[in-house]
file final.txt (compact mmCIF, C-alpha atoms and all ligand atoms)
# COMPACT_ATOMS: atom_id res chain seq x y z
CA MET A 54 102.21 100.56 88.28
CA THR A 55 105.38 99.08 89.75
CA ALA A 56 108.06 97.47 87.58
CA LEU A 57 108.48 94.75 90.16
CA GLU A 58 106.50 93.87 93.24
CA VAL A 59 107.65 90.98 95.38
CA ARG A 60 105.63 89.99 98.44
CA GLY A 61 106.42 87.42 101.09
CA LEU A 62 108.89 85.58 98.87
CA ALA A 63 110.40 82.52 100.52
CA LYS A 64 112.60 79.60 99.53
CA ALA A 65 114.33 76.96 101.58
CA PHE A 66 116.82 74.39 100.37
CA ASP A 67 118.19 72.34 103.25
CA ARG A 68 117.82 75.61 105.18
CA PRO A 69 115.90 78.84 104.48
CA ALA A 70 117.67 80.89 101.80
CA VAL A 71 115.07 83.64 101.29
CA ARG A 72 112.60 84.56 104.03
CA ASN A 73 109.45 86.57 103.63
CA LEU A 74 111.04 89.08 101.28
CA ASP A 75 109.21 92.18 100.03
CA LEU A 76 110.59 94.40 97.27
CA THR A 77 108.91 97.24 95.40
CA ILE A 78 110.74 98.70 92.43
CA ALA A 79 109.35 101.58 90.39
CA PRO A 80 109.68 101.92 86.62
CA GLY A 81 112.94 103.65 85.73
CA GLU A 82 114.69 102.75 88.96
CA PHE A 83 118.24 101.48 89.02
CA TYR A 84 118.25 99.18 92.03
CA GLY A 85 121.25 97.47 93.57
CA LEU A 86 120.61 94.29 95.56
CA LEU A 87 123.64 93.86 97.79
CA GLY A 88 124.57 91.36 100.44
CA PRO A 89 127.31 89.10 101.74
CA ASN A 90 128.05 85.72 100.10
CA GLY A 91 125.15 83.34 100.58
CA ALA A 92 122.73 86.14 101.55
CA GLY A 93 120.07 84.97 99.08
CA LYS A 94 120.54 87.42 96.20
CA THR A 95 120.80 84.90 93.36
CA THR A 96 118.01 82.75 94.82
CA THR A 97 115.78 85.84 94.95
CA LEU A 98 116.55 86.82 91.36
CA ARG A 99 116.06 83.27 90.08
CA MET A 100 112.60 83.20 91.64
CA ILE A 101 111.77 86.61 90.15
CA VAL A 102 112.73 85.51 86.64
CA GLY A 103 110.85 82.22 86.94
CA LEU A 104 113.79 79.80 87.11
CA LEU A 105 113.08 78.66 90.64
CA LYS A 106 109.70 78.01 92.20
CA PRO A 107 109.17 79.94 95.44
CA ASP A 108 107.88 78.08 98.51
CA ALA A 109 105.68 81.09 99.21
CA GLY A 110 105.03 84.61 98.04
CA SER A 111 104.15 86.49 94.89
CA VAL A 112 106.00 88.25 92.08
CA ARG A 113 104.40 90.83 89.83
CA VAL A 114 106.26 92.23 86.81
CA PHE A 115 104.63 95.39 85.47
CA GLY A 116 101.41 94.21 87.08
CA VAL A 117 101.58 90.69 85.60
CA ASP A 118 101.44 87.85 88.10
CA ALA A 119 104.68 86.05 87.22
CA LEU A 120 103.69 82.80 88.93
CA ALA A 121 100.26 82.59 87.28
CA ASP A 122 101.38 83.84 83.86
CA PRO A 123 105.14 83.32 83.59
CA ILE A 124 105.30 83.71 79.82
CA ALA A 125 103.68 87.16 79.84
CA ALA A 126 105.94 88.23 82.70
CA LYS A 127 109.10 86.91 81.04
CA ARG A 128 108.34 88.83 77.86
CA GLN A 129 109.27 92.04 79.65
CA VAL A 130 112.37 90.80 81.41
CA ALA A 131 115.97 90.20 80.42
CA TRP A 132 118.02 88.00 82.72
CA LEU A 133 121.78 87.77 82.96
CA PRO A 134 122.86 84.91 85.26
CA ASP A 135 126.10 85.08 87.21
CA GLU A 136 127.43 82.17 85.14
CA PRO A 137 127.00 83.37 81.56
CA LEU A 138 124.92 81.00 79.48
CA ILE A 139 125.63 81.07 75.78
CA TYR A 140 125.66 78.50 73.04
CA ASP A 141 129.33 77.71 72.59
CA LYS A 142 128.99 76.49 69.03
CA LEU A 143 127.60 79.83 67.86
CA THR A 144 129.53 82.96 67.00
CA PRO A 145 128.52 86.13 68.90
CA LEU A 146 126.65 87.37 65.81
CA GLU A 147 124.77 84.08 65.45
CA PHE A 148 124.01 84.05 69.17
CA LEU A 149 122.58 87.58 69.02
CA GLU A 150 120.55 86.72 65.91
CA PHE A 151 119.20 83.68 67.72
CA VAL A 152 118.27 85.61 70.87
CA ALA A 153 116.74 88.47 68.84
CA GLY A 154 114.69 85.88 66.94
CA LEU A 155 113.37 84.42 70.20
CA TRP A 156 112.22 87.87 71.20
CA GLY A 157 110.71 88.62 67.81
CA VAL A 158 113.00 91.61 67.15
CA PRO A 159 112.75 92.51 63.42
CA ALA A 160 115.91 91.40 61.56
CA ALA A 161 117.09 94.87 60.49
CA ALA A 162 116.73 96.32 63.99
CA ALA A 163 118.40 93.25 65.51
CA SER A 164 121.32 93.46 63.16
CA ALA A 165 121.90 97.17 63.84
CA GLN A 166 121.61 96.62 67.58
CA ALA A 167 123.96 93.59 67.46
CA GLU A 168 126.55 95.57 65.54
CA GLU A 169 126.42 98.45 68.01
CA LEU A 170 126.62 96.19 71.08
CA LEU A 171 129.47 94.10 69.67
CA HIS A 172 131.44 97.24 68.84
CA ARG A 173 130.86 98.77 72.24
CA LEU A 174 131.75 95.56 74.06
CA GLU A 175 134.84 95.05 71.87
CA LEU A 176 133.61 91.77 70.44
CA TRP A 177 133.20 93.00 66.87
CA ASP A 178 136.60 91.64 65.78
CA HIS A 179 135.52 88.24 67.19
CA ARG A 180 132.05 88.30 65.68
CA ALA A 181 132.72 85.34 63.40
CA GLU A 182 134.52 83.17 65.98
CA ARG A 183 132.74 80.47 67.93
CA CYS A 184 132.15 81.41 71.56
CA GLU A 185 133.69 78.10 72.74
CA GLY A 186 137.17 79.63 72.38
CA PHE A 187 136.25 82.75 74.37
CA SER A 188 137.61 83.72 77.78
CA ARG A 189 135.14 84.00 80.66
CA GLY A 190 135.00 87.78 80.27
CA MET A 191 134.31 87.49 76.53
CA LYS A 192 131.49 85.02 77.21
CA GLN A 193 130.14 87.39 79.84
CA LYS A 194 130.13 90.19 77.26
CA ALA A 195 128.34 88.04 74.67
CA ALA A 196 125.73 87.03 77.26
CA LEU A 197 125.27 90.67 78.26
CA ALA A 198 124.77 91.67 74.62
CA GLY A 199 122.13 88.92 74.44
CA ALA A 200 120.34 90.40 77.45
CA LEU A 201 120.35 93.87 75.89
CA ILE A 202 119.43 93.05 72.30
CA HIS A 203 115.67 93.28 72.66
CA ASP A 204 115.44 96.52 74.63
CA PRO A 205 113.87 94.88 77.68
CA GLN A 206 111.80 97.01 80.06
CA LEU A 207 113.18 95.23 83.12
CA LEU A 208 116.79 94.06 83.22
CA ILE A 209 117.82 91.71 85.99
CA LEU A 210 121.57 91.26 86.11
CA ASP A 211 123.41 88.98 88.52
CA GLU A 212 126.98 90.24 88.93
CA PRO A 213 127.16 91.75 85.43
CA LEU A 214 130.64 93.23 85.93
CA THR A 215 132.44 90.15 87.23
CA GLY A 216 135.36 89.20 85.04
CA LEU A 217 135.29 92.32 82.88
CA ASP A 218 138.38 94.47 82.44
CA ALA A 219 138.25 98.09 83.57
CA ALA A 220 137.56 99.61 80.14
CA ILE A 221 134.72 97.21 79.37
CA ALA A 222 133.29 97.52 82.87
CA ARG A 223 133.15 101.29 82.28
CA GLU A 224 131.42 100.74 78.93
CA VAL A 225 128.89 98.35 80.48
CA LYS A 226 128.14 100.87 83.24
CA ASP A 227 127.60 103.53 80.55
CA ILE A 228 125.28 101.24 78.57
CA LEU A 229 123.24 100.42 81.68
CA ALA A 230 122.97 104.08 82.68
CA GLU A 231 121.81 104.91 79.13
CA ARG A 232 119.15 102.21 79.31
CA VAL A 233 117.85 103.65 82.57
CA ARG A 234 117.81 107.16 81.08
CA ALA A 235 115.79 105.73 78.19
CA GLY A 236 113.20 104.41 80.67
CA ALA A 237 114.33 100.86 81.49
CA THR A 238 114.33 99.49 85.02
CA ILE A 239 117.45 97.65 86.19
CA ILE A 240 118.07 95.44 89.17
CA LEU A 241 121.60 94.22 89.66
CA THR A 242 123.66 92.45 92.24
CA THR A 243 127.30 93.27 92.74
CA HIS A 244 130.00 92.88 95.32
CA ILE A 245 131.81 95.88 93.85
CA LEU A 246 130.38 98.46 96.20
CA ASP A 247 131.92 101.54 94.64
CA VAL A 248 130.19 100.55 91.39
CA ALA A 249 126.88 100.33 93.21
CA GLU A 250 127.60 103.64 94.93
CA ARG A 251 128.07 105.47 91.63
CA LEU A 252 125.54 103.64 89.49
CA VAL A 253 122.36 102.77 91.33
CA SER A 254 119.64 105.06 92.63
CA ARG A 255 118.43 102.78 95.43
CA ILE A 256 119.99 99.97 97.36
CA GLY A 257 118.59 96.93 99.14
CA ILE A 258 120.86 95.05 101.52
CA ILE A 259 119.93 91.46 102.10
CA GLN A 260 121.40 89.17 104.70
CA GLY A 261 120.30 85.72 105.77
CA GLY A 262 117.53 85.90 103.17
CA ARG A 263 115.93 88.99 104.71
CA LEU A 264 115.97 92.61 103.65
CA LEU A 265 118.13 94.27 106.28
CA ALA A 266 118.00 97.83 104.95
CA GLU A 267 116.80 99.68 101.90
CA GLY A 268 117.07 103.21 100.59
CA THR A 269 119.20 105.71 98.76
CA LEU A 270 122.82 105.97 99.84
CA ALA A 271 121.91 109.12 101.78
CA GLU A 272 119.13 107.26 103.60
CA LEU A 273 121.39 104.34 104.43
CA ARG A 274 124.06 106.74 105.68
CA GLY A 275 121.37 108.27 107.90
CA ARG A 276 120.61 104.83 109.34
CA VAL A 277 124.17 104.30 110.46
CA GLY A 278 124.56 107.95 111.48
CA ARG A 279 127.58 108.65 109.26
CA SER A 280 126.79 111.24 106.66
CA ASP A 281 130.15 111.16 104.87
CA SER A 282 130.67 107.38 104.67
CA THR A 283 131.22 105.39 101.52
CA LEU A 284 128.70 102.70 100.64
CA GLU A 285 131.30 100.12 101.64
CA GLU A 286 131.53 101.58 105.14
CA VAL A 287 127.74 101.80 105.43
CA PHE A 288 127.34 98.23 104.16
CA LEU A 289 129.90 96.82 106.58
CA ASP A 290 128.30 98.75 109.44
CA LEU A 291 124.81 97.51 108.62
CA VAL A 292 125.69 93.85 108.22
CA ALA A 293 127.60 94.01 111.51
CA THR A 294 124.77 95.70 113.50
CA PRO A 295 122.82 93.63 116.06
CA ALA A 296 119.96 93.37 113.52
CA GLY A 297 122.38 92.26 110.81
CA GLN A 298 124.05 89.79 113.16
CA ALA A 299 120.71 88.34 114.25
CA VAL A 300 119.77 87.81 110.62
CA ALA A 301 123.19 86.33 109.84
CA GLU A 302 123.00 83.92 112.77
CA GLN A 303 119.74 82.50 111.46
CA ALA A 304 121.20 82.21 108.01
CA PRO A 305 122.58 79.07 106.44
CA ALA A 306 126.30 78.69 107.05
N1 LIG A 401 120.39 74.90 94.40
C1 LIG A 401 120.69 75.02 95.70
N2 LIG A 401 120.69 73.96 96.52
C2 LIG A 401 120.97 74.08 97.84
N3 LIG A 401 121.26 75.25 98.42
C3 LIG A 401 121.29 76.35 97.67
C4 LIG A 401 121.02 76.31 96.25
N4 LIG A 401 121.10 77.57 95.74
C5 LIG A 401 121.44 78.35 96.79
N5 LIG A 401 121.54 77.63 97.92
C6 LIG A 401 121.86 78.16 99.27
O1 LIG A 401 121.03 79.27 99.51
C7 LIG A 401 121.74 80.31 100.18
C8 LIG A 401 121.65 81.59 99.37
O2 LIG A 401 122.43 81.41 98.17
P1 LIG A 401 122.47 82.51 97.02
O3 LIG A 401 123.22 81.91 95.88
O4 LIG A 401 121.11 83.00 96.78
O5 LIG A 401 123.33 83.66 97.71
P2 LIG A 401 123.98 84.97 97.09
O6 LIG A 401 123.57 86.09 97.98
O7 LIG A 401 123.67 85.08 95.65
O8 LIG A 401 125.52 84.69 97.32
P3 LIG A 401 126.86 85.09 96.49
O9 LIG A 401 127.09 86.53 96.77
O10 LIG A 401 127.90 84.24 97.15
O11 LIG A 401 126.63 84.77 95.07
C9 LIG A 401 123.15 79.79 100.38
O12 LIG A 401 123.24 79.25 101.68
C10 LIG A 401 123.28 78.71 99.35
O13 LIG A 401 124.17 77.71 99.77
call {"tool": "encode", "arguments": {"input": "final.txt", "output": "structure tokens"}}
result
Amino acid sequence: MTALEVRGLAKAFDRPAVRNLDLTIAPGEFYGLLGPNGAGKTTTLRMIVGLLKPDAGSVRVFGVDALADPIAAKRQVAWLPDEPLIYDKLTPLEFLEFVAGLWGVPAAAASAQAEELLHRLELWDHRAERCEGFSRGMKQKAALAGALIHDPQLLILDEPLTGLDAAIAREVKDILAERVRAGATIILTTHILDVAERLVSRIGIIQGGRLLAEGTLAELRGRVGRSDSTLEEVFLDLVATPAGQAVAEQAPA
């Protein structure tokens, strides 16, 4: 069974944002969805997690048809939006209790997990302060802890490292790698290509709403014929190729 199977996914706003997109992600994969600004990454993820209705296509999460049975599909998925969404009037501990309650995590397990996450993300000293006074990075950390509290099988993270300082970004990368080693599947977007290079096992590059290239870093290097390139070099090469340009020209401005 696949962790995620997307077929023919499409969405247009005033112009097409995602076009006939197919993605197949196996359980235990750490997948990086990369692409220039406006490529369609967030739109794709929002359709996968059920926040945006596709114009066409299908989404299956661990075999569950996410359009026909969104509640069953969502039960297996944690979603971290690029703009962290937390309840400002709650403290981080209250927020995590609340989220754990929504997921039906038993109180003792939730409290142990919350304590560990808040320590690791350096929010423990702020555990009793309301999130409304937090910086963007602190809110991002609280939202991330919320996404991790129920041990989701599939984690979908939109720019999870934006706004985090270097030490916390390192900690978050460690936490995500641990989750994958423990069997979780992760899909993330990032513009920080050296993070993607070191963290993910497979990469999809999307441009103009279409999948331009997909594979391991070695496979993508093979496509551009440069075996010693960094992911950044490969990425810039691919989005500038005639195929990438053709896709970009059809894309919304
Ligand atoms: N709610 C919306 N209404 C109208 N257009 C939208 C909406 N959401 C996204 N778009 C458009 O769809 C296209 C894809 O946007 P999307 O946010 O998916 O890109 P992205 O790859 O996540 O970009 P970034 O890296 O800048 O976050 C863009 O042209 C964007 O302007």
call {"tool": "closest_atom_pairs", "arguments": {"input": "final.txt", "of": "segment 130-222 of chain A", "to": "segment 230-243 of chain A", "cutoff": "8 Å", "atoms": "all atoms listed in the file", "output": "JSON lines"}}
result
{"residue": "A:Pro205", "atom": "CA", "partner": "A:Ala237", "partner_atom": "CA", "distance": 7.1}
{"residue": "A:Gln206", "atom": "CA", "partner": "A:Ala237", "partner_atom": "CA", "distance": 4.8}
{"residue": "A:Leu207", "atom": "CA", "partner": "A:Thr238", "partner_atom": "CA", "distance": 4.8}
{"residue": "A:Leu208", "atom": "CA", "partner": "A:Ile239", "partner_atom": "CA", "distance": 4.7}
{"residue": "A:Ile209", "atom": "CA", "partner": "A:Ile240", "partner_atom": "CA", "distance": 4.9}
{"residue": "A:Leu210", "atom": "CA", "partner": "A:Leu241", "partner_atom": "CA", "distance": 4.6}
{"residue": "A:Asp211", "atom": "CA", "partner": "A:Thr242", "partner_atom": "CA", "distance": 5.1}
{"residue": "A:Glu212", "atom": "CA", "partner": "A:Thr243", "partner_atom": "CA", "distance": 4.9}
{"residue": "A:Pro213", "atom": "CA", "partner": "A:Leu241", "partner_atom": "CA", "distance": 7.4}
{"residue": "A:Leu214", "atom": "CA", "partner": "A:Thr243", "partner_atom": "CA", "distance": 7.6}
call {"tool": "closest_residue", "arguments": {"input": "final.txt", "among": "A:Leu62, A:Leu98, A:Ala109, A:Ala163", "to": "ligand LIG 401 (chain A)", "atoms": "all atoms listed in the file"}}
result
A:Leu98
call {"tool": "residues_near_ligand", "arguments": {"input": "final.txt", "ligand": "ligand LIG 401 (chain A)", "cutoff": "7 Å", "atoms": "all atoms listed in the file", "output": "compact mmCIF listing (two decimals) with C-alpha atoms, in the coordinates of the input"}}
result
# COMPACT_ATOMS: atom_id res chain seq x y z
CA PHE A 66 116.82 74.39 100.37
CA ASP A 67 118.19 72.34 103.25
CA ALA A 70 117.67 80.89 101.80
CA GLY A 88 124.57 91.36 100.44
CA PRO A 89 127.31 89.10 101.74
CA ASN A 90 128.05 85.72 100.10
CA GLY A 91 125.15 83.34 100.58
CA ALA A 92 122.73 86.14 101.55
CA GLY A 93 120.07 84.97 99.08
CA LYS A 94 120.54 87.42 96.20
CA THR A 95 120.80 84.90 93.36
CA THR A 96 118.01 82.75 94.82
CA THR A 97 115.78 85.84 94.95
CA PRO A 305 122.58 79.07 106.44
CA ALA A 306 126.30 78.69 107.05
call {"tool": "closest_residue", "arguments": {"input": "final.txt", "among": "A:Ser188, A:Trp177, A:Val102, A:Leu146", "to": "Ala125 of chain A", "atoms": "all atoms listed in the file"}}
result
A:Val102
call {"tool": "closest_residue", "arguments": {"input": "final.txt", "among": "A:Phe148, A:Trp132, A:Phe83, A:Trp156", "to": "Leu104 of chain A", "atoms": "only C-alpha atoms"}}
result
A:Trp132
call {"tool": "atom_distance", "arguments": {"input": "final.txt", "atom1": "atom CA of Asp75 of chain A", "atom2": "atom CA of Ile258 of chain A"}}
result
12.1 Å
call {"tool": "atom_distance", "arguments": {"input": "final.txt", "atom1": "atom CA of Ala153 of chain A", "atom2": "atom CA of Ile124 of chain A"}}
result
16.6 Å
call {"tool": "axis_aligned_box", "arguments": {"input": "final.txt", "around": "segment 266-274 of chain A", "padding_each_side": "3 Å", "output": "JSON"}}
result
{"center_x": 120.4, "center_y": 103.5, "center_z": 102.2, "size_x": 13.3, "size_y": 17.3, "size_z": 12.9}
call {"tool": "closest_residue", "arguments": {"input": "final.txt", "among": "A:Leu291, A:Leu265, A:Leu229, A:Ala195", "to": "Val253 of chain A", "atoms": "only C-alpha atoms"}}
result
A:Leu229
call {"tool": "residues_near_point", "arguments": {"input": "final.txt", "point": "(116.9, 101.5, 97.3)", "cutoff": "10 Å", "atoms": "only C-alpha atoms", "output": "ChimeraX atom specification"}}
result
/A:76-78,82-86,253-258,266-270,272-273
call {"tool": "atom_distance", "arguments": {"input": "final.txt", "atom1": "atom CA of His244 of chain A", "atom2": "atom CA of Leu149 of chain A"}}
result
27.8 Å
call {"tool": "residues_around", "arguments": {"input": "final.txt", "residues": "Asp290 of chain A", "least_positions_apart": "6", "cutoff": "12 Å", "atoms": "only C-alpha atoms", "output": "list in words"}}
result
Ile258, Leu265, Ala266, Leu273, Arg274, Gly275, Arg276, Val277, Gly278, Arg279, Ser282, Thr283, Leu284, Ala296, Gly297 and Gln298 of chain A
call {"tool": "write_last_selection", "arguments": {"input": "final.txt", "atoms": "C-alpha atoms", "output": "PDB file, in the frame of the given file"}}
result
ATOM      1  CA  ILE A 258     120.860  95.050 101.520  1.00  0.00           C
ATOM      2  CA  LEU A 265     118.130  94.270 106.280  1.00  0.00           C
ATOM      3  CA  ALA A 266     118.000  97.830 104.950  1.00  0.00           C
ATOM      4  CA  LEU A 273     121.390 104.340 104.430  1.00  0.00           C
ATOM      5  CA  ARG A 274     124.060 106.740 105.680  1.00  0.00           C
ATOM      6  CA  GLY A 275     121.370 108.270 107.900  1.00  0.00           C
ATOM      7  CA  ARG A 276     120.610 104.830 109.340  1.00  0.00           C
ATOM      8  CA  VAL A 277     124.170 104.300 110.460  1.00  0.00           C
ATOM      9  CA  GLY A 278     124.560 107.950 111.480  1.00  0.00           C
ATOM     10  CA  ARG A 279     127.580 108.650 109.260  1.00  0.00           C
ATOM     11  CA  SER A 282     130.670 107.380 104.670  1.00  0.00           C
ATOM     12  CA  THR A 283     131.220 105.390 101.520  1.00  0.00           C
ATOM     13  CA  LEU A 284     128.700 102.700 100.640  1.00  0.00           C
ATOM     14  CA  ALA A 296     119.960  93.370 113.520  1.00  0.00           C
ATOM     15  CA  GLY A 297     122.380  92.260 110.810  1.00  0.00           C
ATOM     16  CA  GLN A 298     124.050  89.790 113.160  1.00  0.00           C
TER      17      GLN A 298
END
call {"tool": "closest_residue", "arguments": {"input": "final.txt", "among": "A:Asn73, A:Leu171, A:Ser280, A:Lys142", "to": "Leu264 of chain A", "atoms": "only C-alpha atoms"}}
result
A:Asn73
call {"tool": "closest_residue", "arguments": {"input": "final.txt", "among": "A:Arg223, A:Arg113, A:His203, A:Arg72", "to": "Phe151 of chain A", "atoms": "only C-alpha atoms"}}
result
A:His203
call {"tool": "residues_near_point", "arguments": {"input": "final.txt", "point": "(106.8, 88.4, 77.8)", "cutoff": "10 Å", "atoms": "all atoms listed in the file", "output": "list of chain:residue names"}}
result
A:Val114, A:Val117, A:Ala119, A:Asp122, A:Pro123, A:Ile124, A:Ala125, A:Ala126, A:Lys127, A:Arg128, A:Gln129, A:Val130, A:Ala131, A:Trp156, A:Pro205
call {"tool": "build_atoms", "arguments": {"input": "final.txt", "residues": "segment 121-148 of chain A", "atoms": "N, CA and C atoms", "output": "JSON list (two decimals), in the coordinates of the input"}}
result
[["chain", "number", "residue", "atom", "x", "y", "z"],
["A", 121, "ALA", "N", 101.45, 83.06, 88.00],
["A", 121, "ALA", "CA", 100.26, 82.59, 87.28],
["A", 121, "ALA", "C", 100.48, 82.65, 85.77],
["A", 122, "ASP", "N", 101.20, 83.65, 85.31],
["A", 122, "ASP", "CA", 101.38, 83.84, 83.86],
["A", 122, "ASP", "C", 102.85, 84.12, 83.54],
["A", 123, "PRO", "N", 103.70, 83.09, 83.72],
["A", 123, "PRO", "CA", 105.14, 83.32, 83.59],
["A", 123, "PRO", "C", 105.56, 83.79, 82.20],
["A", 124, "ILE", "N", 104.86, 83.34, 81.18],
["A", 124, "ILE", "CA", 105.30, 83.71, 79.82],
["A", 124, "ILE", "C", 105.09, 85.21, 79.60],
["A", 125, "ALA", "N", 103.94, 85.71, 80.00],
["A", 125, "ALA", "CA", 103.68, 87.16, 79.84],
["A", 125, "ALA", "C", 104.67, 87.97, 80.66],
["A", 126, "ALA", "N", 105.00, 87.48, 81.85],
["A", 126, "ALA", "CA", 105.94, 88.23, 82.70],
["A", 126, "ALA", "C", 107.33, 88.21, 82.07],
["A", 127, "LYS", "N", 107.73, 87.04, 81.58],
["A", 127, "LYS", "CA", 109.10, 86.91, 81.04],
["A", 127, "LYS", "C", 109.31, 87.75, 79.79],
["A", 128, "ARG", "N", 108.22, 88.03, 79.08],
["A", 128, "ARG", "CA", 108.34, 88.83, 77.86],
["A", 128, "ARG", "C", 108.95, 90.21, 78.13],
["A", 129, "GLN", "N", 108.82, 90.68, 79.34],
["A", 129, "GLN", "CA", 109.27, 92.04, 79.65],
["A", 129, "GLN", "C", 110.63, 92.06, 80.33],
["A", 130, "VAL", "N", 111.19, 90.88, 80.55],
["A", 130, "VAL", "CA", 112.37, 90.80, 81.41],
["A", 130, "VAL", "C", 113.57, 90.21, 80.68],
["A", 131, "ALA", "N", 114.72, 90.82, 80.87],
["A", 131, "ALA", "CA", 115.97, 90.20, 80.42],
["A", 131, "ALA", "C", 116.71, 89.74, 81.66],
["A", 132, "TRP", "N", 117.33, 88.61, 81.56],
["A", 132, "TRP", "CA", 118.02, 88.00, 82.72],
["A", 132, "TRP", "C", 119.44, 87.67, 82.35],
["A", 133, "LEU", "N", 120.37, 88.14, 83.15],
["A", 133, "LEU", "CA", 121.78, 87.77, 82.96],
["A", 133, "LEU", "C", 122.23, 87.01, 84.20],
["A", 134, "PRO", "N", 122.43, 85.68, 84.08],
["A", 134, "PRO", "CA", 122.86, 84.91, 85.26],
["A", 134, "PRO", "C", 124.31, 85.17, 85.60],
["A", 135, "ASP", "N", 124.70, 84.81, 86.83],
["A", 135, "ASP", "CA", 126.10, 85.08, 87.21],
["A", 135, "ASP", "C", 127.07, 84.17, 86.45],
["A", 136, "GLU", "N", 126.60, 83.01, 86.02],
["A", 136, "GLU", "CA", 127.43, 82.17, 85.14],
["A", 136, "GLU", "C", 126.88, 82.33, 83.74],
["A", 137, "PRO", "N", 127.57, 83.06, 82.87],
["A", 137, "PRO", "CA", 127.00, 83.37, 81.56],
["A", 137, "PRO", "C", 126.63, 82.12, 80.76],
["A", 138, "LEU", "N", 125.44, 82.16, 80.20],
["A", 138, "LEU", "CA", 124.92, 81.00, 79.48],
["A", 138, "LEU", "C", 124.82, 81.37, 78.00],
["A", 139, "ILE", "N", 125.74, 80.83, 77.22],
["A", 139, "ILE", "CA", 125.63, 81.07, 75.78],
["A", 139, "ILE", "C", 125.86, 79.76, 75.06],
["A", 140, "TYR", "N", 125.47, 79.72, 73.81],
["A", 140, "TYR", "CA", 125.66, 78.50, 73.04],
["A", 140, "TYR", "C", 127.05, 78.54, 72.41],
["A", 141, "ASP", "N", 127.92, 77.67, 72.95],
["A", 141, "ASP", "CA", 129.33, 77.71, 72.59],
["A", 141, "ASP", "C", 129.62, 77.52, 71.11],
["A", 142, "LYS", "N", 128.72, 76.79, 70.44],
["A", 142, "LYS", "CA", 128.99, 76.49, 69.03],
["A", 142, "LYS", "C", 128.65, 77.68, 68.12],
["A", 143, "LEU", "N", 127.98, 78.67, 68.67],
["A", 143, "LEU", "CA", 127.60, 79.83, 67.86],
["A", 143, "LEU", "C", 128.67, 80.91, 67.95],
["A", 144, "THR", "N", 128.72, 81.75, 66.92],
["A", 144, "THR", "CA", 129.53, 82.96, 67.00],
["A", 144, "THR", "C", 128.69, 84.02, 67.74],
["A", 145, "PRO", "N", 129.32, 85.10, 68.22],
["A", 145, "PRO", "CA", 128.52, 86.13, 68.90],
["A", 145, "PRO", "C", 127.40, 86.66, 68.00],
["A", 146, "LEU", "N", 127.70, 86.84, 66.71],
["A", 146, "LEU", "CA", 126.65, 87.37, 65.81],
["A", 146, "LEU", "C", 125.49, 86.39, 65.69],
["A", 147, "GLU", "N", 125.84, 85.10, 65.54],
["A", 147, "GLU", "CA", 124.77, 84.08, 65.45],
["A", 147, "GLU", "C", 123.98, 84.01, 66.74],
["A", 148, "PHE", "N", 124.69, 84.11, 67.87],
["A", 148, "PHE", "CA", 124.01, 84.05, 69.17],
["A", 148, "PHE", "C", 123.02, 85.22, 69.30]]
